[in-house]
Every structure is written in C-alpha cells, then in structure tokens.
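*Asks:* What follows is protein.tsv, made up of TSV, C-alpha atoms:
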chain	number	residue	atom	x	y	z
A	1	MET	CA	0.66	37.23	12.75
A	2	ARG	CA	1.21	34.39	15.23
A	3	ARG	CA	-2.53	33.80	15.36
A	4	LEU	CA	-2.59	33.39	11.59
A	5	LEU	CA	0.00	30.62	11.87
A	6	LEU	CA	-2.26	28.48	14.07
A	7	PRO	CA	-4.60	27.23	11.29
A	8	ARG	CA	-1.58	26.44	9.10
A	9	ALA	CA	0.05	24.45	11.88
A	10	ALA	CA	-3.20	22.61	12.67
A	11	ALA	CA	-3.84	21.78	9.01
A	12	CYS	CA	-0.24	20.60	8.62
A	13	LEU	CA	-0.58	18.42	11.72
A	14	TRP	CA	-3.76	16.80	10.45
A	15	GLY	CA	-2.04	16.09	7.13
A	16	ALA	CA	0.93	14.60	8.96
A	17	VAL	CA	-1.05	12.13	11.08
A	18	VAL	CA	-3.26	10.56	8.41
A	19	PHE	CA	-1.33	7.25	8.58
A	20	MET	CA	-1.43	7.22	12.38
A	21	PRO	CA	-4.08	5.97	14.84
A	22	VAL	CA	-7.54	7.47	14.58
A	23	GLY	CA	-7.19	9.39	17.85
A	24	LEU	CA	-4.51	11.59	16.33
A	25	ASN	CA	-6.76	12.28	13.37
A	26	TYR	CA	-9.52	13.39	15.71
A	27	LEU	CA	-6.94	15.62	17.36
A	28	GLY	CA	-6.18	17.14	13.97
A	29	LEU	CA	-9.87	17.78	13.30
A	30	PHE	CA	-10.45	19.49	16.64
A	31	LEU	CA	-7.25	21.55	16.38
A	32	VAL	CA	-8.26	22.85	12.95
A	33	LEU	CA	-11.73	23.68	14.25
A	34	ILE	CA	-10.38	25.40	17.38
A	35	SER	CA	-7.80	27.33	15.36
A	36	PHE	CA	-10.56	28.64	13.09
A	37	LEU	CA	-12.54	29.73	16.14
A	38	PHE	CA	-9.51	31.37	17.72
A	39	VAL	CA	-8.27	33.20	14.63
A	40	GLY	CA	-11.69	34.31	13.47
A	41	ASP	CA	-12.14	35.40	9.85
A	42	TRP	CA	-15.33	33.33	9.76
A	43	ARG	CA	-17.05	35.64	7.30
A	44	GLU	CA	-14.46	35.03	4.60
A	45	ARG	CA	-14.34	31.29	5.30
A	46	ALA	CA	-18.15	31.05	5.22
A	47	ARG	CA	-18.23	32.94	1.91
A	48	ARG	CA	-15.69	30.50	0.46
A	49	VAL	CA	-17.69	27.48	1.59
A	50	ARG	CA	-21.08	28.80	0.46
A	51	SER	CA	-19.74	29.56	-3.01
A	52	HIS	CA	-18.44	26.02	-3.50
A	53	ALA	CA	-20.35	23.42	-5.53
A	54	LEU	CA	-20.43	21.06	-2.53
A	55	TRP	CA	-22.32	23.50	-0.32
A	56	TRP	CA	-25.88	22.55	-1.28
A	57	PRO	CA	-25.33	18.76	-1.17
A	58	LEU	CA	-23.69	19.21	2.24
A	59	ALA	CA	-26.54	21.37	3.51
A	60	ALA	CA	-29.09	18.86	2.22
A	61	LEU	CA	-27.23	15.95	3.84
A	62	VAL	CA	-27.10	17.62	7.25
A	63	ALA	CA	-30.69	18.91	7.11
A	64	TRP	CA	-32.17	15.56	6.05
A	65	GLN	CA	-30.32	13.66	8.76
A	66	LEU	CA	-31.75	16.04	11.36
A	67	VAL	CA	-35.25	15.62	9.91
A	68	VAL	CA	-34.94	11.82	10.08
A	69	LEU	CA	-33.58	12.09	13.62
A	70	ALA	CA	-36.68	14.05	14.61
A	71	ILE	CA	-39.27	11.85	12.90
A	72	GLY	CA	-37.59	8.42	12.89
A	73	GLY	CA	-36.94	5.79	15.49
A	74	HIS	CA	-34.04	5.82	17.94
A	75	TYR	CA	-31.69	2.91	18.55
A	76	PRO	CA	-28.71	2.07	20.77
A	77	GLU	CA	-26.37	3.11	17.92
A	78	THR	CA	-28.22	6.34	17.08
A	79	GLY	CA	-25.72	8.60	18.84
A	80	VAL	CA	-22.66	7.02	17.20
A	81	ASN	CA	-24.17	7.02	13.73
A	82	LEU	CA	-25.42	10.59	14.08
A	83	TRP	CA	-21.92	11.69	15.05
A	84	HIS	CA	-20.37	10.00	12.03
A	85	GLY	CA	-23.12	11.32	9.78
A	86	LEU	CA	-22.31	14.88	10.90
A	87	ARG	CA	-18.55	14.38	11.14
A	88	VAL	CA	-18.37	13.71	7.40
A	89	PRO	CA	-19.78	17.11	6.35
A	90	LEU	CA	-17.80	18.79	9.14
A	91	THR	CA	-14.55	17.37	7.72
A	92	VAL	CA	-15.51	18.56	4.24
A	93	LEU	CA	-16.46	22.03	5.49
A	94	LEU	CA	-13.18	22.43	7.36
A	95	ALA	CA	-11.20	21.49	4.24
A	96	LEU	CA	-13.18	23.86	2.01
A	97	ALA	CA	-12.74	26.68	4.56
A	98	LEU	CA	-8.93	26.54	4.34
A	99	THR	CA	-7.06	29.40	2.75
A	100	ARG	CA	-4.67	28.71	-0.11
A	101	GLU	CA	-1.65	28.71	2.23
A	102	GLU	CA	-3.38	26.51	4.83
A	103	ALA	CA	-4.26	23.94	2.16
A	104	GLN	CA	-0.65	23.94	1.00
A	105	TRP	CA	0.54	23.32	4.55
A	106	ALA	CA	-1.91	20.45	4.96
A	107	MET	CA	-0.39	18.86	1.85
A	108	ARG	CA	3.13	19.51	3.13
A	109	GLY	CA	2.29	17.53	6.25
A	110	PHE	CA	0.86	14.71	4.13
A	111	LEU	CA	3.82	14.55	1.75
A	112	ALA	CA	6.27	14.62	4.66
A	113	ILE	CA	4.65	11.65	6.42
A	114	VAL	CA	4.46	9.78	3.09
A	115	ALA	CA	8.22	10.23	2.71
A	116	VAL	CA	8.78	9.00	6.26
A	117	ASN	CA	6.61	5.92	5.69
A	118	VAL	CA	8.26	5.04	2.37
A	119	ALA	CA	11.71	5.41	3.95
A	120	TYR	CA	10.71	3.19	6.86
A	121	ILE	CA	9.29	0.52	4.54
A	122	ALA	CA	12.51	0.59	2.48
A	123	VAL	CA	14.69	0.27	5.59
A	124	PHE	CA	12.48	-2.47	7.08
A	125	TYR	CA	12.60	-4.74	4.02
A	126	GLY	CA	16.15	-3.72	3.17
A	127	LEU	CA	17.33	-5.03	6.53
A	128	ILE	CA	15.38	-8.24	6.04
A	129	VAL	CA	16.75	-8.88	2.55
A	130	LEU	CA	20.32	-7.65	2.97
A	131	ALA	CA	21.08	-8.47	6.61
A	132	GLY	CA	18.48	-11.07	7.53
A	133	ILE	CA	17.36	-8.86	10.42
A	134	THR	CA	13.70	-8.19	11.19
A	135	PRO	CA	13.60	-4.74	12.83
A	136	PRO	CA	10.98	-3.93	15.47
A	137	VAL	CA	7.80	-2.20	14.30
A	138	PRO	CA	6.60	0.61	16.60
A	139	PRO	CA	2.96	-0.19	17.50
A	140	GLY	CA	0.35	2.24	16.26
A	141	ILE	CA	2.68	4.29	14.04
A	142	PHE	CA	4.28	2.16	11.32
A	143	ARG	CA	2.58	-1.15	12.02
A	144	SER	CA	-0.39	-0.49	9.71
A	145	VAL	CA	1.92	0.28	6.75
A	146	ILE	CA	4.03	-2.84	7.28
A	147	PHE	CA	1.28	-5.33	8.13
A	148	LEU	CA	-2.38	-5.62	7.17
A	149	VAL	CA	-4.06	-4.32	10.34
A	150	GLY	CA	-7.78	-3.85	9.77
A	151	ASN	CA	-9.30	-0.74	8.24
A	152	LYS	CA	-6.35	1.47	9.12
A	153	SER	CA	-4.24	-0.47	6.62
A	154	ILE	CA	-7.03	-0.09	4.05
A	155	ASN	CA	-6.93	3.65	4.70
A	156	ASN	CA	-3.16	3.68	4.22
A	157	ALA	CA	-3.44	1.75	0.97
A	158	LEU	CA	-6.03	4.23	-0.34
A	159	LEU	CA	-3.79	7.16	0.61
A	160	PHE	CA	-0.92	5.59	-1.31
A	161	THR	CA	-3.33	5.06	-4.22
A	162	LEU	CA	-4.24	8.75	-4.17
A	163	LEU	CA	-0.56	9.67	-4.10
A	164	GLY	CA	0.24	7.28	-6.95
A	165	ALA	CA	-2.58	8.62	-9.13
A	166	CYS	CA	-1.55	12.24	-8.49
A	167	ALA	CA	2.10	11.40	-9.25
A	168	ALA	CA	1.00	9.80	-12.52
A	169	ALA	CA	-0.97	12.94	-13.41
A	170	VAL	CA	2.13	15.05	-12.76
A	171	GLY	CA	4.22	12.63	-14.82
A	172	LEU	CA	1.85	12.88	-17.78
A	173	ALA	CA	1.92	16.68	-17.56
A	174	LEU	CA	5.73	16.63	-17.56
A	175	LEU	CA	5.73	14.21	-20.47
A	176	ALA	CA	3.44	16.51	-22.44
A	177	ARG	CA	5.89	19.34	-21.74
A	178	HIS	CA	8.78	17.25	-23.15
A	179	ARG	CA	10.47	16.52	-19.83
A	180	PRO	CA	10.88	12.71	-20.08
A	181	TYR	CA	13.36	12.30	-17.23
A	182	ALA	CA	11.28	14.36	-14.81
A	183	ALA	CA	8.21	12.40	-15.96
A	184	LEU	CA	10.05	9.14	-15.28
A	185	ALA	CA	10.77	10.31	-11.72
A	186	ALA	CA	7.06	11.01	-11.18
A	187	PHE	CA	6.11	7.62	-12.65
A	188	CYS	CA	8.60	5.96	-10.29
A	189	ILE	CA	6.58	7.37	-7.39
A	190	THR	CA	3.48	5.76	-8.89
A	191	ALA	CA	5.37	2.47	-9.24
A	192	ILE	CA	6.47	2.61	-5.59
A	193	THR	CA	2.90	3.16	-4.40
A	194	LEU	CA	1.74	0.28	-6.61
A	195	VAL	CA	4.28	-2.04	-5.02
A	196	ILE	CA	3.23	-0.94	-1.52
A	197	ILE	CA	-0.52	-1.41	-2.04
A	198	ASN	CA	-0.06	-4.71	-3.85
A	199	PHE	CA	2.66	-6.50	-1.90
A	200	ASN	CA	2.67	-4.73	1.46
A	201	LEU	CA	-0.93	-3.76	2.22
A	202	VAL	CA	-2.58	-6.29	-0.12
A	203	SER	CA	-5.56	-4.10	-1.04
A	204	ARG	CA	-7.69	-5.17	-3.98
A	205	THR	CA	-9.81	-2.04	-3.73
A	206	SER	CA	-6.77	0.22	-3.96
A	207	LEU	CA	-5.23	-1.75	-6.83
A	208	LEU	CA	-8.44	-1.65	-8.86
A	209	ALA	CA	-8.95	2.04	-8.06
A	210	LEU	CA	-5.50	2.91	-9.38
A	211	LEU	CA	-6.01	0.86	-12.54
A	212	VAL	CA	-9.37	2.54	-13.18
A	213	VAL	CA	-8.19	6.08	-12.49
A	214	MET	CA	-5.07	5.93	-14.69
A	215	PRO	CA	-6.89	5.88	-18.08
A	216	LEU	CA	-9.39	8.47	-16.80
A	217	ILE	CA	-6.47	10.80	-16.04
A	218	CYS	CA	-5.38	10.40	-19.67
A	219	ILE	CA	-8.89	11.22	-20.86
A	220	HIS	CA	-8.91	14.33	-18.66
A	221	GLN	CA	-5.58	15.55	-20.04
A	222	TRP	CA	-6.14	14.85	-23.74
A	223	ARG	CA	-9.92	15.08	-24.04
A	224	ARG	CA	-9.57	17.72	-26.78
A	225	GLN	CA	-6.74	15.92	-28.58
A	226	TRP	CA	-8.31	12.71	-29.83
A	227	ARG	CA	-5.30	11.32	-31.64
A	228	THR	CA	-3.02	11.86	-28.69
A	229	LEU	CA	-5.64	10.40	-26.37
A	230	ALA	CA	-6.05	7.30	-28.55
A	231	ALA	CA	-2.27	6.80	-28.63
A	232	ALA	CA	-1.98	7.28	-24.86
A	233	LEU	CA	-4.78	4.79	-24.17
A	234	LEU	CA	-3.26	2.31	-26.62
A	235	VAL	CA	0.16	2.54	-24.99
A	236	GLY	CA	-1.36	2.47	-21.51
A	237	GLY	CA	-3.48	-0.54	-22.40
A	238	ALA	CA	-0.44	-2.37	-23.73
A	239	VAL	CA	1.51	-1.60	-20.55
A	240	LEU	CA	-1.36	-2.74	-18.33
A	241	GLY	CA	-1.86	-5.85	-20.46
A	242	ALA	CA	1.81	-6.74	-20.21
A	243	ALA	CA	1.74	-6.06	-16.47
A	244	ALA	CA	-1.32	-8.29	-16.07
A	245	TRP	CA	0.30	-11.05	-18.13
A	246	LYS	CA	3.48	-10.89	-16.08
A	247	ALA	CA	1.73	-10.01	-12.84
A	248	PRO	CA	2.81	-11.79	-9.68
A	249	GLN	CA	0.72	-14.83	-8.93
A	250	GLY	CA	-0.62	-13.20	-5.76
A	251	ILE	CA	-2.59	-10.59	-7.72
A	252	GLU	CA	-4.30	-13.18	-9.88
A	253	GLN	CA	-5.02	-15.35	-6.87
A	254	ARG	CA	-6.62	-12.49	-4.91
A	255	LEU	CA	-8.86	-11.48	-7.80
A	256	ALA	CA	-9.80	-15.09	-8.47
A	257	LEU	CA	-10.52	-15.58	-4.77
A	258	GLY	CA	-12.87	-12.59	-4.85
A	259	MET	CA	-14.86	-14.08	-7.73
A	260	GLN	CA	-14.99	-17.44	-5.97
A	261	GLU	CA	-16.28	-15.78	-2.81
A	262	ILE	CA	-19.09	-14.07	-4.71
A	263	GLU	CA	-20.12	-17.32	-6.37
A	264	ALA	CA	-20.03	-19.12	-3.03
A	265	ALA	CA	-22.16	-16.42	-1.38
A	266	LYS	CA	-24.74	-16.62	-4.18
A	267	ALA	CA	-24.92	-20.35	-3.54
A	268	GLY	CA	-25.68	-19.71	0.13
A	269	ALA	CA	-22.24	-20.19	1.70
A	270	VAL	CA	-21.43	-18.00	4.70
A	271	SER	CA	-17.89	-17.08	5.69
A	272	GLU	CA	-15.88	-14.03	6.69
A	273	GLY	CA	-14.31	-13.77	3.26
A	274	SER	CA	-14.12	-10.14	2.17
A	275	TRP	CA	-16.44	-10.40	-0.81
A	276	VAL	CA	-18.77	-12.87	0.89
A	277	VAL	CA	-19.38	-10.32	3.63
A	278	ARG	CA	-20.00	-7.60	1.06
A	279	TYR	CA	-22.43	-9.76	-0.89
A	280	TYR	CA	-24.66	-10.34	2.12
A	281	MET	CA	-24.35	-6.76	3.36
A	282	TYR	CA	-25.17	-5.22	0.01
A	283	THR	CA	-28.17	-7.44	-0.69
A	284	GLU	CA	-29.71	-7.10	2.78
A	285	THR	CA	-29.06	-3.36	3.01
A	286	ALA	CA	-30.58	-2.84	-0.45
A	287	ARG	CA	-33.69	-4.64	0.82
A	288	MET	CA	-33.81	-2.28	3.81
A	289	ILE	CA	-33.80	0.71	1.46
A	290	ALA	CA	-36.44	-0.84	-0.81
A	291	GLU	CA	-38.74	-1.38	2.17
A	292	ARG	CA	-38.43	2.22	3.44
A	293	PRO	CA	-37.14	4.37	0.59
A	294	LEU	CA	-38.26	7.79	1.80
A	295	ALA	CA	-36.92	8.25	5.33
A	296	GLY	CA	-35.20	4.93	5.96
A	297	TRP	CA	-35.29	3.06	9.23
A	298	GLY	CA	-33.86	5.89	11.33
A	299	ILE	CA	-30.40	7.05	12.39
A	300	GLY	CA	-28.54	4.10	13.89
A	301	ALA	CA	-31.00	1.51	12.56
A	302	TRP	CA	-28.61	-0.38	10.30
A	303	ASN	CA	-26.91	-2.26	13.13
A	304	SER	CA	-30.18	-3.48	14.65
A	305	GLU	CA	-31.67	-4.45	11.31
A	306	TRP	CA	-28.50	-6.19	10.18
A	307	ARG	CA	-28.43	-8.36	13.27
A	308	LYS	CA	-32.00	-9.45	12.47
A	309	ARG	CA	-31.43	-10.08	8.78
A	310	GLY	CA	-27.80	-11.04	8.27
A	311	PRO	CA	-26.15	-14.43	8.88
A	312	ALA	CA	-25.34	-15.05	12.55
A	313	LEU	CA	-21.64	-15.46	11.74
A	314	LEU	CA	-21.52	-11.87	10.45
A	315	ALA	CA	-23.75	-10.24	13.07
A	316	ASP	CA	-20.95	-8.27	14.74
A	317	TYR	CA	-20.19	-6.03	11.76
A	318	ASN	CA	-21.21	-2.44	12.42
A	319	MET	CA	-21.20	-0.92	8.92
A	320	PRO	CA	-22.22	-2.22	5.46
A	321	HIS	CA	-18.95	-1.49	3.61
A	322	ASN	CA	-20.75	0.99	1.33
A	323	ASP	CA	-21.43	4.51	2.52
A	324	TYR	CA	-24.42	5.12	0.26
A	325	LEU	CA	-26.14	1.94	1.40
A	326	TRP	CA	-25.39	2.90	5.01
A	327	MET	CA	-26.88	6.36	4.60
A	328	GLY	CA	-29.77	5.08	2.48
A	329	SER	CA	-30.78	2.40	4.98
A	330	GLN	CA	-30.93	4.96	7.79
A	331	THR	CA	-32.20	8.10	6.03
A	332	GLY	CA	-33.73	6.75	2.82
A	333	LEU	CA	-32.93	7.64	-0.76
A	334	PRO	CA	-32.80	11.43	-0.08
A	335	GLY	CA	-29.91	10.95	2.35
A	336	ALA	CA	-28.06	8.53	0.07
A	337	LEU	CA	-28.50	10.80	-2.94
A	338	ALA	CA	-27.31	13.86	-0.98
A	339	LEU	CA	-24.17	11.99	0.06
A	340	LEU	CA	-23.58	10.76	-3.49
A	341	ALA	CA	-24.19	14.26	-4.87
A	342	MET	CA	-21.53	15.61	-2.53
A	343	VAL	CA	-18.88	13.26	-3.91
A	344	LEU	CA	-20.00	13.57	-7.54
A	345	ALA	CA	-19.94	17.36	-7.28
A	346	GLY	CA	-16.29	17.07	-6.29
A	347	VAL	CA	-15.59	14.78	-9.25
A	348	TRP	CA	-17.28	17.30	-11.55
A	349	GLN	CA	-15.29	20.19	-10.10
A	350	GLY	CA	-12.10	18.36	-10.95
A	351	TRP	CA	-13.30	17.39	-14.43
A	352	ARG	CA	-14.44	20.87	-15.44
A	353	ARG	CA	-11.03	22.40	-14.70
A	354	PRO	CA	-8.85	21.19	-17.60
A	355	ASP	CA	-5.39	21.86	-16.14
A	356	LEU	CA	-3.14	19.78	-13.86
A	357	THR	CA	-4.71	21.19	-10.70
A	358	GLY	CA	-8.13	20.05	-11.88
A	359	ARG	CA	-6.70	16.68	-12.88
A	360	LEU	CA	-5.31	16.08	-9.38
A	361	ALA	CA	-8.70	16.88	-7.84
A	362	PHE	CA	-10.45	14.69	-10.43
A	363	ALA	CA	-8.23	11.71	-9.61
A	364	SER	CA	-8.52	12.21	-5.85
A	365	MET	CA	-12.31	12.45	-5.90
A	366	LEU	CA	-12.62	9.40	-8.16
A	367	ILE	CA	-10.59	7.37	-5.68
A	368	LEU	CA	-12.80	8.64	-2.87
A	369	LEU	CA	-15.88	7.69	-4.91
A	370	MET	CA	-14.65	4.13	-5.47
A	371	ALA	CA	-13.59	3.78	-1.84
A	372	THR	CA	-17.04	4.82	-0.62
A	373	CYS	CA	-18.66	2.26	-2.95
A	374	ALA	CA	-16.42	-0.65	-1.90
A	375	ASN	CA	-15.81	0.22	1.74
A	376	SER	CA	-17.07	2.43	4.58
A	377	ALA	CA	-14.61	5.15	3.63
A	378	LEU	CA	-16.74	7.87	5.24
A	379	ARG	CA	-18.57	6.05	8.03
A	380	ASP	CA	-15.37	4.48	9.39
A	381	ALA	CA	-13.35	7.25	11.02
A	382	GLN	CA	-10.13	5.29	10.46
A	383	ILE	CA	-10.61	6.06	6.77
A	384	GLY	CA	-13.03	8.97	6.85
A	385	LEU	CA	-10.75	11.23	8.87
A	386	SER	CA	-7.74	10.65	6.62
A	387	LEU	CA	-8.68	9.88	3.03
A	388	LEU	CA	-11.63	12.29	3.10
A	389	TRP	CA	-9.46	15.07	4.55
A	390	ILE	CA	-6.67	14.72	1.98
A	391	ALA	CA	-9.06	14.32	-0.97
A	392	MET	CA	-10.98	17.43	0.08
A	393	VAL	CA	-7.80	19.44	0.57
A	394	VAL	CA	-6.80	18.52	-3.00
A	395	LEU	CA	-10.28	19.59	-4.14
A	396	ARG	CA	-9.96	22.83	-2.17
A	397	MET	CA	-6.75	23.66	-4.05
A	398	ALA	CA	-8.62	23.20	-7.31
A	399	GLY	CA	-10.69	26.22	-6.31
A	400	GLU	CA	-7.62	28.45	-6.40
A	401	ALA	CA	-6.50	30.35	-9.47
A	402	GLY	CA	-3.17	29.60	-11.07
A	403	MET	CA	-1.02	26.72	-9.91
A	404	PRO	CA	-1.32	26.33	-6.11
A	405	TRP	CA	0.73	23.11	-6.27
A	406	LEU	CA	3.93	24.77	-7.46
A	407	PRO	CA	5.43	25.45	-3.97
A	408	LEU	CA	5.04	21.74	-3.17
A	409	LEU	CA	6.86	20.42	-6.24
A	410	PRO	CA	10.61	20.16	-6.95
A	411	LYS	CA	12.03	23.45	-8.19
A	412	ARG	CA	13.13	21.95	-11.51
A	413	TRP	CA	9.52	21.02	-12.31
A	414	ARG	CA	7.88	24.32	-11.45
A	415	GLY	CA	8.67	26.26	-14.60
A	416	THR	CA	7.72	23.33	-16.80
A	417	LEU	CA	4.37	22.81	-15.08
A	418	GLN	CA	3.44	26.48	-14.85
A	419	GLU	CA	1.24	26.18	-17.93
A	420	ALA	CA	0.46	22.45	-17.73
Please express what this file holds, its structure, as structure tokens.
*Replies:*
Amino acid sequence: MRRLLLPRAAACLWGAVVFMPVGLNYLGLFLVLISFLFVGDWRERARRVRSHALWWPLAALVAWQLVVLAIGGHYPETGVNLWHGLRVPLTVLLALALTREEAQWAMRGFLAIVAVNVAYIAVFYGLIVLAGITPPVPPGIFRSVIFLVGNKSINNALLFTLLGACAAAVGLALLARHRPYAALAAFCITAITLVIINFNLVSRTSLLALLVVMPLICIHQWRRQWRTLAAALLVGGAVLGAAAWKAPQGIEQRLALGMQEIEAAKAGAVSEGSWVVRYYMYTETARMIAERPLAGWGIGAWNSEWRKRGPALLADYNMPHNDYLWMGSQTGLPGALALLAMVLAGVWQGWRRPDLTGRLAFASMLILLMATCANSALRDAQIGLSLLWIAMVVLRMAGEAGMPWLPLLPKRWRGTLQEA
C-alpha cells in the first residue's frame, strides 16, 4: 500500500512546483518516473498510453527525431535539442500513464500552489496599498509571480490563464444548472486570473489566449442548443466589448505596441521588442523549412543557422518562439506535423467529449496550442515542464468515465455538476 502512495506523492509534488524554478520541475519529472519504476504496474500503464489518441503522434515524433539524428548533421546544440525533443513526449507519456487517483493528486498539488500564490499576491499588494510597506520577495519562489522575470513569468501567466479558463467552464456549467451564486464564485476566479495576467505578469499571449478560449468554451457547451449558444455569444461579446471600451490604458498600449513592432520589423528595423524578435525568427525559420522540408537541417541546427541568418543583435536567442517552426527547421515537415498532431489530437479529445470534463480538457489543450504557436512552450523547459504537465493531466482526466473532477471541487458544487 505504501508503494502505491509513491506515484501519488510524486505527481502531487510535480503539480505543486509548477510555479517554482525549473530545477524543481525536473525533480518532479524524475520522481514520477522513478516512482513508476519502483511501483511497477507497467503493463496497465502501457495499455492506457497505447490506447490513447496521442500515442501514434507521440510514437511518430520520437521515431522521426531518431531517424533525423541518424541521417542528419550534428551540431554543438544537438545534445540539448535532442533532450528537449525527447523530454516533451516523455512528459506527455508520464501524464497519460497516471491512474485516476494519481491525476487527481497532481491537480491537488497544482490547485494548492495556485491558492498560495494568489494569497501571497494579495498580501504583497495589500501591504503596499494599505500600509505603504513593500514586503520582501523570496527569490526563486514568488518572484516570478510578482515581477516579470523572463520565461518563468510567461509560464506562470499561462498557468493562470489555464486556471481562469477552467474556472469559467465550471461557472458556465453551474449557470446552466441554475446555480447563479456558485457560478459567480467561479467567474470571480476567472476575474482574479485575468487581473494577475494583465496587471501583474503583463502577458499579451495569455490575455489573448483567454479571450479566444472563452467563446470556444461556450460553443463546446451549447453546440447542440443554437439559440442558447447565440444568446451566450451575444452576451459574452457585449461584456468583452464593454471591457475593451473601458479597458485600462496599459492593455491598449501593449497591443498597439505589438502592431507597431511588426510594422517596424517589416520596414527593416531591428530591436529586441517582443514582436520584432518574433517577426525575424518566424520568417527566417520558415525559410529554413522551405529549403529542407523533408528532414530539416538536423537536430540542434536551428541555433547555428539562426546565427548565420538572423540580425546580429538577436543572435543570442536559442529558440524561435514557436515550437512547430523549431521542430520543422530541425526535422522537417514530418517532425513539425507529428508535434502539431499531438497537440491537435488532445484538442479533439476534449471537443469530442461533450460534458464538463471534456470542456476542461478542450480549454487546456487550446491554451497549450496557442502557447506553442506564440512561444517556445514545449522547447523551453521553464514552460514545457509546467504548462505541458498540467494540460496533459487535465487531458488524462478526460479519459476517465464519470466526473473525475468532483473530489477537487467544493462540496456544494458536486451534486449540481454531477450531470453537467
């Protein structure tokens, strides 16, 4: 019995450290892997993974990378890129291999650390506003949720986006079951995450992802009730329109800045502006794929080719801020399509299940899809060991019958959501 508790504890730990430095996330990965090896039960876990819709895209992704490694060129960054290319399917496989209880414990760890972070943010700004005191920020733990600190803060913003979208899905389900006050509580969670990603972590990608996913959640819930769906989209559009009209000036300025950066990059300007960097990376990496579409330039080739092709000011970047371009430049279109098929298969799995559990997986995988298109959400371990893990755990729960989320929700909501 004690041995059976090890995978639950490891999964819970990994869920609890997703906001923390990347080393702790690697610890979570290795502890889950070791616990699986120690406990055994590999036959049942392998059966579960092989029966999942993601199995064949994952197998194709791993196999094609190994083929390209054998026939392609080798570079100074080959080892690092090969590790990240294999770490991604390993993370997915570990999530899909979880039992129902282990997946629930992984989410318990995630929800617990979310509560801790939200409480710390509230105390931090509460002290500033009410007492004029700026409390110390522990380095490496809460710093990346208080300040914008590289890709770890982007990861944190995306995790809050995932939470906000899932809370909105729960709120809509409660609303459909005529529980307006419980729905309002769920929507308040969404509002809190929106405030955090907009004012605290200042993430345009996360803000846009949340705004895109919200109407798609409505479509998922009411896709067979056209009148209700039309009314929901009309009300939602009015709310978003009013929010945009009354939006803080910072939102409008950041979006306008992004458009200005794209126009400047098209005109030949070079800077380290976020969308300027993406413009040059996307165009040059697309040219790499067009030149060698079948097997790419080889594992680890992107860094060397980018330094030859990209502006000198941006030569130190080590990933193209788009996972499909990264994989395509190194392994050709087969590798990029296998990676894309993996994510799209998860989106489809969520869409085809019409209940709340499917809706949560649908929202989570859509956010992962948008993150991989606008950032290196898989290649960068600071994101790819956290967002990918949580999104895949949510997807894993969508493979369970019934309502696997019920033990994680407030008791007053459970009966209402049993049939949602």
*Asks:* Could you give me, as a list in words, the residues within 12 Å of Pro311 in chain A, counting all atoms listed in the file and dropping anything in the same chain fewer than 3 positions from it?
*Replies:*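 Listed by chain and then number, they are Ala265, Gly268, Ala269, Val270, Ser271, Glu272, Val276, Val277, Tyr279, Tyr280, Met281, Glu284, Glu305, Trp306, Arg307, Lys308, Leu314, Ala315, Asp316 and Tyr317 of chain A.
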*Asks:* Please produce, as JSON lines, a per-residue contact table for range 2-115 of chain A versus range 359-379 of chain A (criterion: any atom at most 9 Å away, only C-alpha atoms considered), showing the nearest atom pair and its distance in Å to one decimal, sorted by chain then residue number.
*Replies:*
{"residue": "A:Asn81", "atom": "CA", "partner": "A:Arg379", "partner_atom": "CA", "distance": 8.0}
{"residue": "A:His84", "atom": "CA", "partner": "A:Arg379", "partner_atom": "CA", "distance": 5.9}
{"residue": "A:Gly85", "atom": "CA", "partner": "A:Arg379", "partner_atom": "CA", "distance": 7.2}
{"residue": "A:Arg87", "atom": "CA", "partner": "A:Arg379", "partner_atom": "CA", "distance": 8.9}
{"residue": "A:Val88", "atom": "CA", "partner": "A:Leu378", "partner_atom": "CA", "distance": 6.4}
*Asks:* Residues within 10 Å of range 93-108 of chain A, please, as a PyMOL selection string. Count only C-alpha atoms; anything in the same chain fewer than 2 positions from it doesn't count.
*Replies:* chain A and resi 4-16+29+32-33+36+42+44-50+52+54-55+58+87-91+110-114+388-401+404-408
*Asks:* Within 9 Å of Asn25 in chain A, counting only C-alpha atoms, which residues qualify if same-chain residues fewer than 4 places away don't, as a PyMOL selection string?
*Replies:* chain A and resi 13-15+17-21+29-30+381-382+385-386
*Asks:* Using CA of Val123 in chain A and CA of Ser206 in chain A as the two end points, give the distance in Å to one decimal.
*Replies:*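 For CA of Val123 in chain A relative to CA of Ser206 in chain A, the distance reads 23.5 Å.
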*Asks:* Within 8 Å of (3.9, -6.8, 15.1), in the coordinates the file gives, what residues turn up when you count only C-alpha atoms, written out as a list in words?
*Replies:* Pro136, Val137, Pro139, Arg143 and Phe147 of chain A
*Asks:* Please measure the separation of CA of Leu158 in chain A and CA of Leu194 in chain A, giving the value in Å to one decimal.
*Replies:*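 Taking CA of Leu158 in chain A as the start and CA of Leu194 in chain A as the end point, the length is 10.7 Å.
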*Asks:* Which residue out of A:Val195, A:Ala267, A:Val149, A:Leu172 has the minimum interatomic distance to Thr228 in chain A when all atoms listed in the file are used?
*Replies:*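 Of the candidates, the smallest distance to Thr228 in chain A is held by A:Leu172.
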*Asks:* May I ask for the distance between CA of Gly273 in chain A and CA of Met319 in chain A, given in Å to one decimal place?
*Replies:*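 Interatomic distance here is 15.6 Å.
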*Asks:* Adding 6 Å on each side of the box along x, y and z that holds all listed atoms of range 402-406 of chain A, could you give its centre and edge lengths in Å to one decimal, as JSON?
*Replies:*
{"center_x": 0.4, "center_y": 26.4, "center_z": -8.6, "size_x": 19.1, "size_y": 18.5, "size_z": 17.0}
*Asks:* Between A:Val92, A:Arg309, A:Thr193, A:Asp323, which has the minimum distance to Pro57 in chain A (counting only C-alpha atoms)?
*Replies:*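 Looking at the shortest contact to Pro57 in chain A, the residue is A:Val92.
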